[in-house]
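Here the structure comes first, spelled out in structure tokens, and everything after it is commentary.
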Amino acid sequence: APGTVTSDPVTPDILQVTLPGLTLAEGGAGNLTCSVSGFSSPPDSITWYKGDTQIRVETDNASSIVWALEDVSASDARSDYSCDVSVDGEVIRATTQVVVVGVTVTPAIVGEGDNLTLTCSAVINNFQSNPSYSFWLQSNGMVDGVTTWNGNTAQSTVTFAGAGAEHEI
């Protein structure tokens with residue numbers, strides 16, 4: 001219509017930062033990935049934190065930054081891991097935790113035909129709830145064991161009657 005000015009509405013950037021959690025075996029390694037989306041310009045910086053301690057600052061204008069964790073221990077599960085993303089003066093923090101699982105299997109030596117009982121202990125640090133089940137793997141498939149929980153420690157036991165060479169675990 002005459003005298004009417006129309007323009008496209010301005011859509012503001014909606015900055016989203018994601019930092020998924022990670023479950024690792026004690027002594028293992030893995031990557032935490034901080035991903036950024038919904039911006040028209042790349043981030044000015046991404047700062048990594050373990051707890052309140054700044055670990056490093058990335059300024060390579062990437063939309064996804066990886067922090068490689070190596071040789072994790074139970075103490076690594078006691079901290080929050082965060083990435084602060086700075087874009088055009090706005091800072092958004094994403095925080096996650098690392099779950100560390102330590103597993104020990106007690107070896108057993110038995111004679112042919114004897115009962116074989118194996119016990120596995122697992123310590124799971126920084127886990128919100130205990131897993132609903134555990135299982136053993138045998139060369140020909142899964143074998144159910146009996147698992148009990150005490151705090152963050154699970155103990156699973158499996159017994160094979162008349163053990164023989166076919167009981168490779």
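By order of appearance in the structure tokens: chains A, B, ..., then residues from 1 within every chain, and ligands from 1 in the order shown.
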Hey, which bits of segment 81-120 of chain A sit within 7 Å of segment 142-159 of chain A, and for each residue what's the closest pair of atoms and how far apart in Å (one decimal), counting only C-alpha atoms, rows by chain and increasing number, as JSON lines?
```
{"residue": "A:Asn115", "atom": "CA", "partner": "A:Thr159", "partner_atom": "CA", "distance": 6.8}
{"residue": "A:Leu116", "atom": "CA", "partner": "A:Thr159", "partner_atom": "CA", "distance": 5.5}
{"residue": "A:Thr117", "atom": "CA", "partner": "A:Thr159", "partner_atom": "CA", "distance": 4.2}
{"residue": "A:Leu118", "atom": "CA", "partner": "A:Val158", "partner_atom": "CA", "distance": 5.5}
{"residue": "A:Thr119", "atom": "CA", "partner": "A:Thr157", "partner_atom": "CA", "distance": 4.5}
{"residue": "A:Cys120", "atom": "CA", "partner": "A:Ser156", "partner_atom": "CA", "distance": 5.2}
```
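Atom CA of Ala161 of chain A is positioned 13.7 Å from atom CA of Ala108 of chain A.
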Using only C-alpha atoms, which protein or nucleic acid residues come within 8 Å of Thr104 of chain A? Drop anything in the same chain fewer than 2 positions from it, and give the result as a CSV table (one decimal) with N, CA and C atoms, in the first residue's frame.
```csv
chain,number,residue,atom,x,y,z
A,102,GLY,N,35.6,-48.1,37.9
A,102,GLY,CA,36.8,-49.0,38.1
A,102,GLY,C,36.3,-50.4,38.3
A,106,THR,N,38.3,-60.8,40.2
A,106,THR,CA,39.2,-61.7,41.0
A,106,THR,C,39.4,-63.0,40.2
A,120,CYS,N,33.4,-60.0,40.3
A,120,CYS,CA,33.8,-58.7,39.7
A,120,CYS,C,33.3,-57.6,40.7
A,121,SER,N,34.2,-56.7,41.0
A,121,SER,CA,33.8,-55.5,41.8
A,121,SER,C,34.0,-54.3,40.9
A,122,ALA,N,33.0,-53.4,41.0
A,122,ALA,CA,33.0,-52.2,40.2
A,122,ALA,C,32.7,-51.0,41.1
```
Contact check, segment 83-130 of chain A to segment 55-62 of chain A, at most 10 Å, counting only C-alpha atoms, closest pairs as JSON lines:
```
{"residue": "A:Cys83", "atom": "CA", "partner": "A:Val57", "partner_atom": "CA", "distance": 9.4}
{"residue": "A:Asp84", "atom": "CA", "partner": "A:Val57", "partner_atom": "CA", "distance": 9.2}
{"residue": "A:Val85", "atom": "CA", "partner": "A:Glu58", "partner_atom": "CA", "distance": 9.6}
{"residue": "A:Ser86", "atom": "CA", "partner": "A:Thr59", "partner_atom": "CA", "distance": 9.8}
{"residue": "A:Val87", "atom": "CA", "partner": "A:Asn61", "partner_atom": "CA", "distance": 9.9}
```
**Message:** So that I can see what lies close to segment 71-81 of chain A, please list as a PyMOL selection string the residues with an atom at most 6 Å from it, counting only C-alpha atoms and leaving out residues fewer than 6 positions away in the same chain.
**Reply:** chain A and resi 26-29+49-51+95-100+125-126
Those residues with N, CA and C atoms, as a tab-separated table (two decimals), in the first residue's frame please?
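Result went into selection31.tsv, see below:
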```tsv
chain	number	residue	atom	x	y	z
A	26	GLU	N	38.21	-46.41	34.71
A	26	GLU	CA	39.36	-45.85	35.42
A	26	GLU	C	40.63	-46.17	34.64
A	27	GLY	N	41.48	-45.15	34.44
A	27	GLY	CA	42.69	-45.30	33.65
A	27	GLY	C	42.47	-45.06	32.17
A	28	GLY	N	41.20	-44.90	31.77
A	28	GLY	CA	40.86	-44.73	30.35
A	28	GLY	C	40.98	-43.29	29.88
A	29	ALA	N	40.56	-43.08	28.67
A	29	ALA	CA	40.62	-41.76	28.04
A	29	ALA	C	39.33	-41.51	27.27
A	49	TYR	N	36.77	-25.34	32.11
A	49	TYR	CA	36.97	-25.35	33.56
A	49	TYR	C	36.81	-26.76	34.09
A	50	LYS	N	37.63	-27.09	35.09
A	50	LYS	CA	37.43	-28.29	35.90
A	50	LYS	C	37.18	-27.77	37.30
A	51	GLY	N	35.92	-27.90	37.77
A	51	GLY	CA	35.53	-27.23	39.01
A	51	GLY	C	35.60	-25.73	38.79
A	95	THR	N	27.62	-27.15	31.77
A	95	THR	CA	28.33	-27.94	32.77
A	95	THR	C	27.89	-29.39	32.70
A	96	THR	N	28.83	-30.29	32.92
A	96	THR	CA	28.53	-31.72	32.94
A	96	THR	C	29.43	-32.40	33.95
A	97	GLN	N	29.25	-33.70	34.10
A	97	GLN	CA	30.09	-34.50	34.97
A	97	GLN	C	30.68	-35.66	34.18
A	98	VAL	N	31.74	-36.21	34.75
A	98	VAL	CA	32.37	-37.40	34.19
A	98	VAL	C	32.13	-38.53	35.18
A	99	VAL	N	31.62	-39.65	34.68
A	99	VAL	CA	31.43	-40.84	35.50
A	99	VAL	C	32.64	-41.74	35.26
A	100	VAL	N	33.29	-42.16	36.35
A	100	VAL	CA	34.47	-43.02	36.24
A	100	VAL	C	34.14	-44.38	36.87
A	125	ASN	N	31.95	-43.82	40.30
A	125	ASN	CA	32.00	-42.52	40.94
A	125	ASN	C	31.17	-41.50	40.18
A	126	ASN	N	30.42	-40.71	40.92
A	126	ASN	CA	29.63	-39.61	40.37
A	126	ASN	C	28.49	-40.08	39.49
```
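Interatomic distance, atom CA of Gly30 of chain A against atom CA of Val66 of chain A: 9.8 Å.
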**Message:** Quick check for you: according to DSSP on this backbone, which residues of segment 10-67 of chain A are classed as strand (DSSP E or B)? Reply as JSON, numbers by chain.
**Reply:** {"A": [16, 17, 18, 22, 23, 24, 25, 30, 31, 32, 33, 34, 35, 36, 37, 45, 46, 47, 48, 49, 50, 53, 54, 55, 56, 57, 58, 64, 65, 66, 67]}
